[in-house]
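See structure below.
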Amino acid sequence: MSYQQKSVSAVLAIQLLVYAWYFTHILSQVSELDIEQVEYKTLLMLMIGLIVVLSIVGQIIIAISKPSEAGEVDERDRQIGLLSSRVGGIVLIICVFSVLGLLMSGAQIFWIAQALIASLALSDIVMRVMMLIYYQRGV
Amino acid sequence: MAKPTKITNTIRSLRFNADEMTQAELGEKIGVTRQTIIAIEHGKYSPSLEVAFRIAVVFDQPVDDVFIYSPTK
């Protein structure tokens, strides 16, 4: 497994865990409190911070485990990155249109915000899953 | 399942004939990772024209002796 593949796997695992943690917290608060009382902004900031910090730590651990391959990127990695970003972009567009639908149906700002966060999370996850598929299957 | 490609290559045998050059050594010479050499050898990745020429230069072979296009495959 190349450095890039390990790096993508690590970031994907971190994202899945942190997004799951965020949405579990949000949904548990929604079930207990009024939507106006749900404090999601702090959780959102914490979620972004956790993803950034844990991803950096993950990359450092991977780099230390095989320093000779650390940071190596070649044309195959770039091509896989581009193809995966395209798929992630399509998912994001579909999700954004769904959020627009929510907006037009008069949904509360809270739900629109959560739908946007979920859209970003989903497109990011799909992009990284596609990267792993392309690394495995070939491009 | 690997993506089907109509391009095959002789890199593995060329490496063997070049003092059993490793995939890592070849990758270093042409500026790609060992994993990319593995993917090229297994037909999972078709390299850019530039990388194809670089590989051919390393083995001092014409590019169409290294990469073989079989349209009927």
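Each chain in the structure tokens gets a letter, A, B and so on, in the order shown; residues start at 1 in every chain, and ligands are counted from 1 in the order they appear.
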Restrict the distance test to only C-alpha atoms, flag each residue of chain A within 6 Å of chain B, and return the flagged residues as a list in words.
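Interface list for chain A against chain B: Asp74, Arg137, Gly138 and Val139 of chain A.
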Quick one: residues within 12 Å of range 1-5 of chain A, only C-alpha atoms, excluding same-chain residues fewer than 3 positions away - as a VMD selection string?
(chain A and resid 8 to 12 58 to 74 76 to 78 80 to 81 128 to 136) or (chain B and resid 24 32 to 39)
Need the shell around Gly101 in chain A: protein/DNA/RNA residues with any atom at most 12 Å away, counting only C-alpha atoms. Skip same-chain ones fewer than 4 positions apart. Format as a list in words?
Ile94, Cys95, Val96, Phe97, Ser105, Gly106, Ala107, Trp111, Ile112, Ala115 and Leu116 of chain A
Closest of A:Leu46, A:Ile93, A:His25, A:Glu75 to Glu50 in chain B, counting only C-alpha atoms, is A:Glu75
Using only C-alpha atoms, which residues sit within 10 Å of Arg54 in chain B once same-chain residues fewer than 2 positions away are excluded, as a ChimeraX atom specification?
/B:26,29-31,48-52,56-60,63
Saved selection, atoms kept: all heavy atoms, as a CSV table (one decimal), in the first residue's frame:
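Wrote selection_7.csv, looks like this:
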chain,number,residue,atom,x,y,z
B,26,LEU,N,13.4,1.4,-10.6
B,26,LEU,CA,12.8,1.9,-11.9
B,26,LEU,C,12.0,3.1,-11.6
B,26,LEU,O,12.1,4.1,-12.3
B,26,LEU,CB,12.0,0.8,-12.6
B,26,LEU,CG,11.2,1.3,-13.8
B,26,LEU,CD1,12.2,1.8,-14.9
B,26,LEU,CD2,10.4,0.1,-14.4
B,29,LYS,N,14.1,6.1,-11.0
B,29,LYS,CA,14.7,6.6,-12.3
B,29,LYS,C,13.7,7.4,-13.1
B,29,LYS,O,14.2,8.4,-13.8
B,29,LYS,CB,15.2,5.4,-13.1
B,29,LYS,CG,16.5,4.8,-12.7
B,29,LYS,CD,16.9,3.6,-13.6
B,29,LYS,CE,18.0,2.8,-13.0
B,29,LYS,NZ,19.3,3.3,-13.2
B,30,ILE,N,12.5,7.1,-13.0
B,30,ILE,CA,11.5,7.8,-13.9
B,30,ILE,C,10.6,8.8,-13.1
B,30,ILE,O,9.7,9.4,-13.7
B,30,ILE,CB,10.6,6.8,-14.7
B,30,ILE,CG1,9.8,5.9,-13.8
B,30,ILE,CG2,11.5,6.0,-15.7
B,30,ILE,CD1,8.7,5.2,-14.6
B,31,GLY,N,10.8,8.8,-11.8
B,31,GLY,CA,10.1,9.8,-11.0
B,31,GLY,C,8.6,9.4,-10.6
B,31,GLY,O,7.8,10.3,-10.6
B,48,SER,N,1.3,8.1,-18.5
B,48,SER,CA,1.2,9.2,-19.5
B,48,SER,C,2.3,8.9,-20.6
B,48,SER,O,3.2,8.1,-20.3
B,48,SER,CB,1.6,10.5,-18.8
B,48,SER,OG,2.9,10.5,-18.4
B,49,LEU,N,2.2,9.6,-21.7
B,49,LEU,CA,3.1,9.4,-22.8
B,49,LEU,C,4.6,9.7,-22.3
B,49,LEU,O,5.5,9.0,-22.6
B,49,LEU,CB,2.7,10.3,-23.9
B,49,LEU,CG,3.3,10.0,-25.3
B,49,LEU,CD1,3.0,8.6,-25.7
B,49,LEU,CD2,2.7,11.0,-26.3
B,50,GLU,N,4.7,10.7,-21.5
B,50,GLU,CA,6.0,11.1,-21.0
B,50,GLU,C,6.6,10.0,-20.1
B,50,GLU,O,7.8,9.6,-20.3
B,50,GLU,CB,5.9,12.4,-20.2
B,50,GLU,CG,7.3,13.0,-19.9
B,50,GLU,CD,7.2,14.3,-19.2
B,50,GLU,OE1,6.2,15.0,-19.2
B,50,GLU,OE2,8.2,14.7,-18.6
B,51,VAL,N,5.8,9.4,-19.2
B,51,VAL,CA,6.4,8.3,-18.4
B,51,VAL,C,6.7,7.1,-19.2
B,51,VAL,O,7.7,6.4,-19.0
B,51,VAL,CB,5.4,8.0,-17.2
B,51,VAL,CG1,5.7,6.7,-16.6
B,51,VAL,CG2,5.4,9.1,-16.2
B,52,ALA,N,5.8,6.8,-20.2
B,52,ALA,CA,6.1,5.7,-21.1
B,52,ALA,C,7.4,5.9,-21.8
B,52,ALA,O,8.2,4.9,-21.9
B,52,ALA,CB,5.0,5.6,-22.1
B,56,ALA,N,11.0,3.7,-21.5
B,56,ALA,CA,11.7,3.2,-22.7
B,56,ALA,C,13.1,3.6,-22.7
B,56,ALA,O,14.0,2.8,-23.0
B,56,ALA,CB,10.9,3.6,-24.0
B,57,VAL,N,13.4,4.9,-22.3
B,57,VAL,CA,14.7,5.4,-22.3
B,57,VAL,C,15.6,4.6,-21.3
B,57,VAL,O,16.7,4.3,-21.6
B,57,VAL,CB,14.7,6.9,-22.0
B,57,VAL,CG1,16.1,7.4,-21.7
B,57,VAL,CG2,14.2,7.7,-23.2
B,58,VAL,N,15.0,4.3,-20.1
B,58,VAL,CA,15.7,3.6,-19.1
B,58,VAL,C,16.2,2.3,-19.6
B,58,VAL,O,17.4,1.9,-19.4
B,58,VAL,CB,14.9,3.4,-17.8
B,58,VAL,CG1,15.5,2.3,-16.9
B,58,VAL,CG2,14.6,4.7,-17.1
B,59,PHE,N,15.4,1.6,-20.4
B,59,PHE,CA,15.8,0.2,-20.9
B,59,PHE,C,16.4,0.3,-22.3
B,59,PHE,O,16.7,-0.7,-22.9
B,59,PHE,CB,14.6,-0.7,-20.9
B,59,PHE,CG,14.0,-1.0,-19.6
B,59,PHE,CD1,12.7,-0.5,-19.2
B,59,PHE,CD2,14.8,-1.6,-18.6
B,59,PHE,CE1,12.2,-0.8,-17.9
B,59,PHE,CE2,14.3,-1.9,-17.4
B,59,PHE,CZ,13.0,-1.5,-17.0
B,60,ASP,N,16.6,1.5,-22.8
B,60,ASP,CA,17.2,1.8,-24.1
B,60,ASP,C,16.4,1.0,-25.2
B,60,ASP,O,17.0,0.3,-26.0
B,60,ASP,CB,18.6,1.4,-24.1
B,60,ASP,CG,19.4,2.0,-25.3
B,60,ASP,OD1,18.9,3.0,-25.9
B,60,ASP,OD2,20.5,1.5,-25.6
B,63,VAL,N,9.7,2.8,-27.6
B,63,VAL,CA,8.5,2.8,-26.7
B,63,VAL,C,7.5,1.7,-27.1
B,63,VAL,O,6.9,1.0,-26.3
B,63,VAL,CB,7.8,4.2,-26.6
B,63,VAL,CG1,7.0,4.5,-27.9
B,63,VAL,CG2,7.0,4.3,-25.4
State, in Å with one decimal place, the distance from CA of Arg15 in chain B to CA of Ser70 in chain B.
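Atom-to-atom, CA of Arg15 in chain B to CA of Ser70 in chain B, that is 21.9 Å.
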